[in-house]
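Visitor: Next comes the structure file coords13.txt, holding compact mmCIF, C-alpha atoms.
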```
# COMPACT_ATOMS: atom_id res chain seq x y z
CA MET A 89 -85.53 125.12 -225.46
CA ALA A 90 -87.96 125.35 -228.39
CA ILE A 91 -87.04 123.39 -231.53
CA PRO A 92 -88.12 125.42 -234.61
CA ALA A 93 -88.52 122.28 -236.72
CA LEU A 94 -91.19 121.00 -234.33
CA MET A 95 -94.69 122.47 -234.17
CA GLN A 96 -95.06 124.14 -230.79
CA ASN A 97 -98.24 122.30 -229.79
CA TYR A 98 -96.49 120.68 -226.80
CA GLY A 99 -94.99 123.94 -225.56
CA THR A 100 -91.48 124.15 -224.16
CA ARG A 101 -90.11 120.88 -222.82
CA THR A 102 -87.43 121.06 -220.14
CA LEU A 103 -86.45 117.42 -219.64
CA THR A 104 -84.80 115.04 -222.11
CA LEU A 105 -85.24 111.36 -221.31
CA VAL A 106 -82.91 109.01 -223.12
CA ARG A 107 -83.22 105.60 -221.42
CA GLY A 108 -85.71 103.54 -219.46
CA GLU A 109 -85.49 100.30 -217.51
CA GLY A 110 -88.14 98.89 -215.24
CA ASN A 111 -89.78 101.62 -213.16
CA TYR A 112 -87.05 104.19 -213.88
CA VAL A 113 -86.00 106.55 -216.67
CA TRP A 114 -82.74 108.47 -217.12
CA ASP A 115 -82.17 111.94 -218.56
CA ASP A 116 -79.37 113.03 -220.89
CA ALA A 117 -77.23 114.01 -217.89
CA GLY A 118 -77.46 110.51 -216.41
CA ARG A 119 -79.93 111.42 -213.64
CA ARG A 120 -82.42 108.67 -212.69
CA TYR A 121 -86.12 109.28 -212.00
CA LEU A 122 -88.79 106.99 -210.52
CA ASP A 123 -91.57 107.17 -213.11
CA ALA A 124 -94.91 107.65 -211.35
CA ILE A 125 -96.72 108.65 -214.55
CA SER A 126 -95.64 105.79 -216.90
CA GLY A 127 -95.79 107.86 -220.06
CA ILE A 128 -99.37 108.80 -219.05
CA ALA A 129 -100.50 105.25 -218.24
CA VAL A 130 -98.70 103.67 -221.22
CA CYS A 131 -95.83 101.69 -219.70
CA GLY A 132 -97.81 99.60 -217.22
CA LEU A 133 -95.13 96.89 -217.32
CA GLY A 134 -92.41 99.46 -216.74
CA HIS A 135 -89.89 100.51 -219.36
CA CYS A 136 -88.41 98.04 -221.84
CA HIS A 137 -90.00 94.98 -220.22
CA PRO A 138 -88.00 91.93 -221.43
CA ALA A 139 -91.10 90.09 -222.69
CA VAL A 140 -92.15 93.01 -224.87
CA THR A 141 -88.61 93.66 -226.06
CA GLU A 142 -88.17 90.00 -227.02
CA ALA A 143 -91.48 89.95 -228.92
CA LEU A 144 -90.59 93.14 -230.78
CA GLN A 145 -87.10 91.94 -231.66
CA ASP A 146 -88.45 88.65 -232.96
CA GLN A 147 -91.16 90.34 -235.03
CA ALA A 148 -88.76 93.00 -236.34
CA HIS A 149 -86.60 90.20 -237.72
CA THR A 150 -89.66 88.52 -239.28
CA LEU A 151 -92.25 90.96 -240.68
CA LEU A 152 -92.89 94.54 -239.56
CA HIS A 153 -95.97 95.42 -241.55
CA VAL A 154 -98.52 94.16 -244.01
CA SER A 155 -101.79 95.87 -244.78
CA ASN A 156 -105.20 94.69 -243.71
CA LEU A 157 -105.66 93.32 -247.22
CA TYR A 158 -104.08 90.15 -245.85
CA ASN A 159 -104.49 87.80 -242.90
CA ILE A 160 -102.31 88.82 -239.94
CA PRO A 161 -101.90 85.92 -237.47
CA ALA A 162 -100.78 88.06 -234.52
CA GLN A 163 -103.78 90.37 -235.05
CA GLU A 164 -106.14 87.41 -235.03
CA GLN A 165 -104.53 85.99 -231.87
CA LEU A 166 -104.71 89.33 -230.06
CA ALA A 167 -108.33 89.87 -231.11
CA GLU A 168 -109.31 86.41 -229.86
CA LYS A 169 -107.51 86.96 -226.55
CA LEU A 170 -108.98 90.43 -225.98
CA ALA A 171 -112.48 89.26 -226.87
CA ALA A 172 -112.21 86.28 -224.53
CA LEU A 173 -110.85 88.35 -221.62
CA SER A 174 -113.47 91.09 -222.04
CA ASP A 175 -116.51 88.96 -222.97
CA MET A 176 -116.88 91.04 -226.12
CA ASP A 177 -117.50 89.63 -229.61
CA ASN A 178 -114.98 91.30 -231.91
CA VAL A 179 -112.26 93.96 -232.22
CA PHE A 180 -111.16 96.76 -234.55
CA PHE A 181 -107.48 97.72 -234.15
CA SER A 182 -106.24 101.30 -234.51
CA ASN A 183 -103.03 103.19 -233.77
CA SER A 184 -104.24 105.24 -230.81
CA GLY A 185 -106.95 105.83 -228.26
CA ALA A 186 -108.42 108.72 -230.22
CA GLU A 187 -108.82 106.48 -233.25
CA ALA A 188 -110.39 103.77 -231.12
CA ASN A 189 -112.90 106.29 -229.77
CA GLU A 190 -113.47 107.59 -233.30
CA ALA A 191 -114.41 104.03 -234.28
CA ALA A 192 -116.86 103.86 -231.35
CA ILE A 193 -118.46 107.14 -232.43
CA LYS A 194 -118.76 105.82 -235.99
CA LEU A 195 -120.45 102.66 -234.68
CA ALA A 196 -123.04 104.83 -232.91
CA ARG A 197 -123.55 106.97 -236.01
CA ARG A 198 -123.92 103.84 -238.12
CA LEU A 199 -126.62 102.55 -235.76
CA GLY A 200 -128.40 105.88 -235.93
CA ASN A 201 -128.28 105.91 -239.71
CA GLU A 202 -129.74 102.40 -239.79
CA ARG A 203 -132.58 103.73 -237.60
CA GLY A 204 -133.22 106.55 -240.08
CA LEU A 205 -132.04 109.36 -237.79
CA ALA A 206 -130.77 112.47 -239.60
CA VAL A 207 -128.55 113.48 -236.65
CA PRO A 208 -127.99 110.57 -234.23
CA ARG A 209 -127.03 111.90 -230.79
CA ILE A 210 -124.43 110.58 -228.36
CA VAL A 211 -124.58 111.54 -224.69
CA VAL A 212 -121.16 112.63 -223.38
CA MET A 213 -119.95 114.00 -220.03
CA GLU A 214 -118.62 117.24 -218.62
CA GLY A 215 -114.94 116.86 -217.77
CA ALA A 216 -114.45 113.96 -220.18
CA PHE A 217 -111.43 113.46 -222.41
CA HIS A 218 -111.78 111.27 -225.47
CA GLY A 219 -108.98 112.48 -227.79
CA ARG A 220 -108.00 115.25 -230.16
CA THR A 221 -109.43 114.25 -233.54
CA LEU A 222 -112.32 116.52 -234.51
CA ALA A 223 -115.03 114.09 -233.39
CA THR A 224 -113.29 113.03 -230.18
CA LEU A 225 -112.37 116.56 -229.12
CA THR A 226 -116.01 117.49 -229.65
CA ALA A 227 -117.00 114.62 -227.37
CA THR A 228 -114.40 115.86 -224.87
CA GLY A 229 -115.84 118.01 -222.10
CA ASN A 230 -113.16 120.70 -222.08
CA GLU A 231 -113.88 123.89 -224.02
CA LYS A 232 -110.22 124.91 -223.81
CA ILE A 233 -109.04 122.17 -226.16
CA GLN A 234 -111.96 122.83 -228.55
CA GLN A 235 -111.16 126.52 -228.97
CA GLY A 236 -109.92 127.46 -232.44
CA PHE A 237 -111.20 124.33 -234.17
CA ALA A 238 -114.73 125.33 -235.16
CA PRO A 239 -116.87 124.15 -236.79
CA LEU A 240 -117.14 121.08 -234.60
CA PRO A 241 -119.23 118.06 -235.61
CA GLU A 242 -122.77 118.02 -234.30
CA GLY A 243 -124.51 115.10 -232.63
CA PHE A 244 -123.31 115.29 -229.00
CA LEU A 245 -125.34 116.09 -225.88
CA ARG A 246 -123.42 116.87 -222.71
CA VAL A 247 -124.42 116.21 -219.10
CA PRO A 248 -122.61 116.30 -215.73
CA TYR A 249 -120.53 113.22 -214.93
CA ASP A 250 -121.92 110.73 -212.42
CA ASP A 251 -125.45 112.16 -212.78
CA ILE A 252 -127.99 109.57 -213.93
CA ALA A 253 -130.90 111.97 -213.44
CA ALA A 254 -129.42 114.35 -216.01
CA ILE A 255 -129.35 111.56 -218.63
CA GLU A 256 -132.89 110.48 -217.73
CA LYS A 257 -133.96 114.07 -218.37
CA LEU A 258 -132.28 114.04 -221.80
CA ALA A 259 -134.00 110.75 -222.62
CA ALA A 260 -137.36 112.43 -222.04
CA GLN A 261 -136.44 115.34 -224.31
CA HIS A 262 -134.74 113.58 -227.26
CA ASN A 263 -135.83 110.61 -229.34
CA ASP A 264 -132.68 110.64 -231.47
CA ILE A 265 -130.13 109.46 -228.87
CA VAL A 266 -128.32 106.25 -229.83
CA ALA A 267 -125.49 105.91 -227.32
CA VAL A 268 -123.76 107.05 -224.14
CA LEU A 269 -119.97 107.50 -224.24
CA VAL A 270 -118.34 107.64 -220.81
CA GLU A 271 -115.09 106.93 -218.97
CA PRO A 272 -115.46 104.55 -215.98
CA VAL A 273 -112.92 106.82 -214.26
CA GLN A 274 -112.26 110.28 -215.70
CA GLY A 275 -108.50 110.57 -216.18
CA GLU A 276 -107.68 113.98 -217.67
CA GLY A 277 -110.73 115.31 -215.85
CA GLY A 278 -108.93 114.83 -212.53
CA ILE A 279 -109.14 111.09 -211.70
CA ARG A 280 -112.84 111.38 -210.92
CA VAL A 281 -114.31 108.09 -209.67
CA PRO A 282 -118.11 107.88 -209.96
CA ALA A 283 -120.52 106.29 -207.50
CA PRO A 284 -119.98 102.51 -207.26
CA ASP A 285 -123.27 101.76 -209.05
CA TYR A 286 -123.00 104.48 -211.73
CA LEU A 287 -122.09 102.07 -214.54
CA ASN A 288 -124.81 99.63 -213.45
CA LYS A 289 -127.43 102.37 -213.63
CA LEU A 290 -126.08 103.48 -217.01
CA ARG A 291 -126.31 99.88 -218.27
CA ASP A 292 -129.91 99.65 -217.11
CA LEU A 293 -130.82 103.00 -218.67
CA CYS A 294 -129.20 102.11 -222.01
CA ASP A 295 -131.06 98.78 -222.05
CA ARG A 296 -134.40 100.51 -221.40
CA GLN A 297 -133.77 103.13 -224.10
CA ASP A 298 -132.14 100.75 -226.62
CA TRP A 299 -128.94 102.85 -226.60
CA LEU A 300 -125.38 101.62 -226.87
CA LEU A 301 -123.32 101.86 -223.68
CA MET A 302 -119.83 102.81 -224.91
CA LEU A 303 -116.98 102.92 -222.37
CA ASP A 304 -113.75 104.80 -222.98
CA GLU A 305 -111.11 102.73 -221.17
CA ILE A 306 -108.13 104.22 -222.98
CA GLN A 307 -106.52 105.01 -219.62
CA SER A 308 -108.25 102.65 -217.19
CA ALA A 309 -107.88 99.31 -219.00
CA ASN A 310 -105.01 96.82 -219.17
CA GLY A 311 -105.01 96.15 -215.44
CA ARG A 312 -104.51 99.70 -214.19
CA SER A 313 -107.78 99.86 -212.25
CA GLY A 314 -107.20 96.49 -210.55
CA LYS A 315 -109.21 94.66 -213.22
CA LEU A 316 -108.28 94.13 -216.86
CA PHE A 317 -111.13 96.54 -217.73
CA ALA A 318 -112.61 98.88 -215.12
CA TYR A 319 -116.19 97.85 -215.98
CA GLN A 320 -115.36 94.39 -214.62
CA HIS A 321 -115.58 95.92 -211.12
CA ASN A 322 -119.31 96.39 -211.77
CA GLY A 323 -120.20 92.99 -213.21
CA ILE A 324 -121.69 94.52 -216.36
CA LEU A 325 -120.88 94.38 -220.06
CA PRO A 326 -120.77 97.45 -222.29
CA ASP A 327 -121.82 97.30 -225.96
CA VAL A 328 -118.58 99.00 -227.00
CA VAL A 329 -115.33 99.51 -225.08
CA THR A 330 -112.11 101.16 -226.21
CA THR A 331 -108.56 100.70 -224.99
CA ALA A 332 -105.08 101.87 -226.00
CA LYS A 333 -102.32 103.34 -223.78
CA GLY A 334 -101.15 100.29 -221.78
CA LEU A 335 -102.03 97.74 -224.44
CA GLY A 336 -98.70 98.10 -226.29
CA ASN A 337 -96.53 99.20 -223.32
CA GLY A 338 -95.06 101.92 -225.54
CA VAL A 339 -95.88 100.56 -228.99
CA PRO A 340 -98.77 102.56 -230.52
CA ILE A 341 -101.92 100.44 -230.65
CA GLY A 342 -105.59 101.03 -229.88
CA ALA A 343 -108.63 98.79 -229.97
CA CYS A 344 -112.39 99.21 -230.19
CA LEU A 345 -114.23 96.12 -228.94
CA ALA A 346 -117.92 95.50 -229.56
CA ARG A 347 -120.57 92.91 -228.82
CA GLY A 348 -124.15 92.17 -229.85
CA LYS A 349 -125.70 94.47 -232.42
CA ALA A 350 -122.73 96.87 -232.17
CA ALA A 351 -120.40 94.10 -233.31
CA GLN A 352 -122.23 93.76 -236.63
CA LEU A 353 -122.38 97.44 -237.67
CA PHE A 354 -119.08 97.66 -239.55
CA THR A 355 -119.07 95.82 -242.86
CA ALA A 356 -116.36 95.40 -245.50
CA GLY A 357 -115.09 98.84 -246.51
CA SER A 358 -117.02 100.82 -243.88
CA HIS A 359 -113.96 101.53 -241.71
CA GLY A 360 -110.23 100.84 -241.76
CA SER A 361 -106.68 101.79 -240.77
CA THR A 362 -103.42 101.41 -242.68
CA PHE A 363 -101.22 100.67 -239.69
CA GLY A 364 -103.89 99.48 -237.26
CA GLY A 365 -103.30 95.94 -236.04
CA ASN A 366 -100.02 95.42 -237.87
CA PRO A 367 -97.82 92.48 -236.82
CA LEU A 368 -95.40 94.52 -234.68
CA ALA A 369 -98.09 96.28 -232.63
CA CYS A 370 -100.05 93.08 -232.11
CA ARG A 371 -97.02 91.13 -230.93
CA ALA A 372 -96.51 93.87 -228.33
CA GLY A 373 -100.16 93.59 -227.27
CA LEU A 374 -99.92 89.83 -226.91
CA ALA A 375 -96.75 90.14 -224.83
CA VAL A 376 -98.45 92.69 -222.56
CA LEU A 377 -101.53 90.53 -221.93
CA ASP A 378 -99.39 87.43 -221.31
CA THR A 379 -97.17 89.33 -218.86
CA LEU A 380 -100.11 90.84 -216.96
CA GLU A 381 -101.33 87.30 -216.45
CA LYS A 382 -98.03 85.55 -215.69
CA GLU A 383 -96.77 88.19 -213.24
CA TRP A 384 -100.17 88.73 -211.53
CA LEU A 385 -99.85 92.44 -212.21
CA ILE A 386 -103.57 93.19 -212.28
CA GLU A 387 -103.99 91.88 -208.75
CA ARG A 388 -100.85 93.79 -207.77
CA ALA A 389 -102.27 97.04 -209.16
CA ALA A 390 -105.33 96.61 -206.95
CA LYS A 391 -103.19 95.92 -203.85
CA LEU A 392 -100.68 98.72 -204.47
CA GLY A 393 -103.44 101.18 -205.27
CA GLU A 394 -105.14 100.53 -201.93
CA GLN A 395 -101.81 100.85 -200.09
CA LEU A 396 -100.90 104.11 -201.83
CA LEU A 397 -104.33 105.64 -201.25
CA GLN A 398 -104.20 104.72 -197.56
CA GLN A 399 -100.69 106.14 -197.16
CA LEU A 400 -101.57 109.41 -198.89
CA ARG A 401 -104.75 109.80 -196.85
CA GLU A 402 -102.88 109.21 -193.60
CA GLN A 403 -99.92 111.46 -194.38
CA LEU A 404 -102.02 114.29 -195.82
CA ALA A 405 -104.86 114.08 -193.31
CA ASP A 406 -103.87 117.40 -191.69
CA CYS A 407 -103.09 119.25 -194.92
CA ALA A 408 -105.93 121.75 -195.35
CA ALA A 409 -105.01 122.40 -199.00
CA VAL A 410 -106.03 118.85 -199.94
CA ARG A 411 -109.67 118.65 -200.96
CA GLU A 412 -109.86 114.95 -201.82
CA ILE A 413 -107.68 111.92 -202.45
CA ARG A 414 -109.33 109.40 -204.76
CA GLY A 415 -108.59 106.59 -207.14
CA LEU A 416 -109.14 103.07 -208.37
CA GLY A 417 -106.17 100.71 -208.53
CA LEU A 418 -103.13 102.65 -209.75
CA LEU A 419 -105.22 105.55 -211.08
CA ILE A 420 -104.81 108.05 -208.26
CA GLY A 421 -105.58 111.75 -207.96
CA ILE A 422 -104.94 114.24 -205.16
CA GLU A 423 -107.10 117.33 -205.57
CA LEU A 424 -105.83 120.57 -204.04
CA ASP A 425 -107.70 123.79 -203.41
CA ARG A 426 -105.40 125.74 -205.75
CA PRO A 427 -103.52 125.33 -209.06
CA CYS A 428 -100.40 123.22 -208.50
CA ALA A 429 -98.59 122.74 -211.83
CA GLU A 430 -95.26 123.72 -210.23
CA LEU A 431 -95.35 120.48 -208.24
CA VAL A 432 -94.29 118.64 -211.41
CA GLU A 433 -90.94 120.47 -211.49
CA GLN A 434 -90.54 120.21 -207.71
CA ALA A 435 -91.01 116.44 -207.94
CA ARG A 436 -88.23 116.24 -210.52
CA THR A 437 -85.81 117.73 -208.01
CA CYS A 438 -86.72 114.71 -205.84
CA ASP A 439 -86.04 112.33 -208.77
CA LEU A 440 -89.73 111.59 -209.26
CA LEU A 441 -91.94 112.07 -212.34
CA ILE A 442 -95.56 113.01 -211.67
CA ASN A 443 -98.25 114.91 -213.56
CA VAL A 444 -100.88 117.54 -212.75
CA THR A 445 -104.22 117.45 -214.55
CA ALA A 446 -107.34 119.63 -214.45
CA GLY A 447 -105.09 122.38 -213.07
CA ASN A 448 -105.19 121.28 -209.42
CA VAL A 449 -105.06 117.47 -209.32
CA VAL A 450 -101.77 115.61 -208.83
CA ARG A 451 -102.11 112.51 -211.01
CA LEU A 452 -100.23 109.29 -210.22
CA LEU A 453 -100.16 106.49 -212.81
CA PRO A 454 -97.11 104.42 -211.84
CA PRO A 455 -96.13 101.12 -213.47
CA LEU A 456 -97.96 98.01 -212.23
CA THR A 457 -94.50 96.51 -211.63
CA LEU A 458 -93.83 98.88 -208.72
CA SER A 459 -92.17 97.31 -205.68
CA ASP A 460 -93.64 97.86 -202.20
CA ALA A 461 -90.67 100.10 -201.33
CA GLU A 462 -91.09 102.18 -204.50
CA CYS A 463 -94.79 102.54 -203.78
CA ARG A 464 -94.04 103.85 -200.27
CA GLN A 465 -91.37 106.16 -201.72
CA ILE A 466 -93.90 107.73 -204.10
CA GLY A 467 -96.40 108.20 -201.30
CA ALA A 468 -93.85 109.78 -198.95
CA THR A 469 -92.31 112.07 -201.56
CA VAL A 470 -95.64 113.30 -202.92
CA SER A 471 -96.99 113.90 -199.42
CA THR A 472 -93.95 115.96 -198.44
CA LEU A 473 -94.06 117.96 -201.67
CA ILE A 474 -97.74 118.78 -201.20
CA GLU A 475 -97.31 119.73 -197.53
CA ASN A 476 -94.41 122.06 -198.40
CA PHE A 477 -96.30 123.50 -201.37
CA ALA A 478 -99.36 124.21 -199.23
CA ARG A 479 -97.21 126.07 -196.68
CA GLN A 480 -95.41 128.09 -199.39
CA VAL A 481 -98.58 129.39 -201.04
CA ALA A 482 -100.87 129.55 -197.98
```
Transcribe the structure of this file into structure tokens.
Guide:
Amino acid sequence: MAIPALMQNYGTRTLTLVRGEGNYVWDDAGRRYLDAISGIAVCGLGHCHPAVTEALQDQAHTLLHVSNLYNIPAQEQLAEKLAALSDMDNVFFSNSGAEANEAAIKLARRLGNERGLAVPRIVVMEGAFHGRTLATLTATGNEKIQQGFAPLPEGFLRVPYDDIAAIEKLAAQHNDIVAVLVEPVQGEGGIRVPAPDYLNKLRDLCDRQDWLLMLDEIQSANGRSGKLFAYQHNGILPDVVTTAKGLGNGVPIGACLARGKAAQLFTAGSHGSTFGGNPLACRAGLAVLDTLEKEWLIERAAKLGEQLLQQLREQLADCAAVREIRGLGLLIGIELDRPCAELVEQARTCDLLINVTAGNVVRLLPPLTLSDAECRQIGATVSTLIENFARQVA
């Protein structure tokens, strides 16, 4: 039912969730669902994890917010921890992933301005998703979400994803490129995993061209890929990396991390955020990082992801409608040969929450706290749903 007081940008919503605990959520009729989408990769620790709840309750009794005019101890602790775990130099905190990516884009523009470029260019990818602010939706490789918002900012050059040759060609044609912005795994684009050495080749190319390598890890960071950051699978370091979603486990927080020359581009007054990095959000971030470490959840994401991929590949091996099953850690996509949005509603009838992205890719982003039995349950239920769906619409 549409609510007139709400803008209709999210369309009609048919499910009301009122409670969450661990890997499950409950609707307003008391029905329980296994959450295999985690609020789109947000609740990596499951819902209402005790460590996060305790940190929030303590901070709510102490100090909810002060502006960035003052020192914020929790912000400083979280920045130091993130920088140490990522091998980056420093951090800017925002409220969301879009804002974190906006900060990355501003860093690139700042570098270009310092180099005297009238229109510094950033290379971005087809199928990418970087957010819905004007700059980030322009960087996003989906014309559908750009429609109706012209004029869009200039300064972006788009190439196919996972295509180094296409970027090499751009390098030969443009002397005003300053950065490459790319997701290590495309999430909204359909859980597209590039060649294993794609990031390494990008790092080498950016070094040769003196460009910034900027990684959008809004969805893939915080342990979901089987590493804290997905680039850590490749043994490289980006110049800029962004994260958000799982960092607060439900509390809005984003971060843009930088190193080297990129870490020195913002100076006093050049960028800011009223709520970014406030005490409450940073206590949540600290609790999340501590819990990932104490409960070995990053290693568990890697193990469960391999198990789930293997199960899906075995059970759907004879399903002709399945084009590809792919993923990294607990970022998993099952691409079908036809649109399959109705699978979301069909999964609900089986007490399971899933998501479909790019029109024909079933996306699974379950909590890292999943048990072995719950992992097998997701694999079995999704396989059965897809097999039945393929027969119905064959």
Visitor: How many Å lie between atom CA of Gly360 of chain A and atom CA of Ala192 of chain A, rounded to one decimal?
Guide: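 Separation between atom CA of Gly360 of chain A and atom CA of Ala192 of chain A: 12.7 Å.
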Visitor: Restricting the calculation to only C-alpha atoms, which member of A:Ala143, A:Cys294, A:Leu385, A:Val432 is positioned closest to Thr445 of chain A?
Guide: A:Val432
Visitor: Which distance in Å separates atom CA of Glu383 of chain A and atom CA of Gly421 of chain A, to one decimal?
Guide: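 Taking atom CA of Glu383 of chain A as the start and atom CA of Gly421 of chain A as the end point, the length is 25.7 Å.
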Visitor: Compile the contact shell of segment 249-260 of chain A as a ChimeraX atom specification: residues with an atom at most 12 Å away, counting all atoms listed in the file, same-chain residues fewer than 4 positions apart removed.
Guide: /A:209-217,228-229,244-245,264-274,277-278,280-294,296-299
Visitor: For Ala148 of chain A, which residue out of A:Ala124, A:Cys131, A:Ile324, A:Ala369 is the nearest one, using only C-alpha atoms?
Guide: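 Answer, going by the shortest atom-to-atom distance: A:Ala369.
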Visitor: In terms of the shortest atom-to-atom distance over only C-alpha atoms, which of A:Leu222, A:Leu316, A:Ala227, A:Ala167 is closest to Pro239 of chain A?
Guide: A:Leu222
Visitor: Tell me which protein, DNA and RNA residues are within 12 Å of Phe354 of chain A, counting all atoms listed in the file, leaving out same-chain ones fewer than 3 positions away, and put them as a list in words.
Guide: Asn178, Val179, Phe180, Ala191, Ala192, Ile193, Lys194, Leu195, Ala196, Arg197, Arg198, Leu199, Glu202, Cys344, Leu345, Ala346, Arg347, Lys349, Ala350, Ala351, Gly357, Ser358, His359 and Gly360 of chain A
Visitor: From the options A:Cys463, A:Ile341, A:Leu300, A:Ala171, which residue's atoms come nearest to Pro326 of chain A, counting only C-alpha atoms?
Guide: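 Closest residue, counting only C-alpha atoms: A:Leu300.
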Visitor: Report as a tab-separated table (two decimals) with C-alpha atoms, in the frame of the given file all protein, DNA and RNA residues lying within 10 Å of Leu240 of chain A, evaluated on all atoms listed in the file, omitting residues in the same chain fewer than 6 positions from it.
Guide:
```tsv
chain	number	residue	atom	x	y	z
A	222	LEU	CA	-112.32	116.52	-234.51
A	223	ALA	CA	-115.03	114.09	-233.39
A	224	THR	CA	-113.29	113.03	-230.18
A	225	LEU	CA	-112.37	116.56	-229.12
A	226	THR	CA	-116.01	117.49	-229.65
A	227	ALA	CA	-117.00	114.62	-227.37
A	234	GLN	CA	-111.96	122.83	-228.55
```
Visitor: From the options A:Asn263, A:Asn337, A:Gln235, A:Gln352, which residue's atoms come nearest to Gly134 of chain A, counting only C-alpha atoms?
Guide: A:Asn337
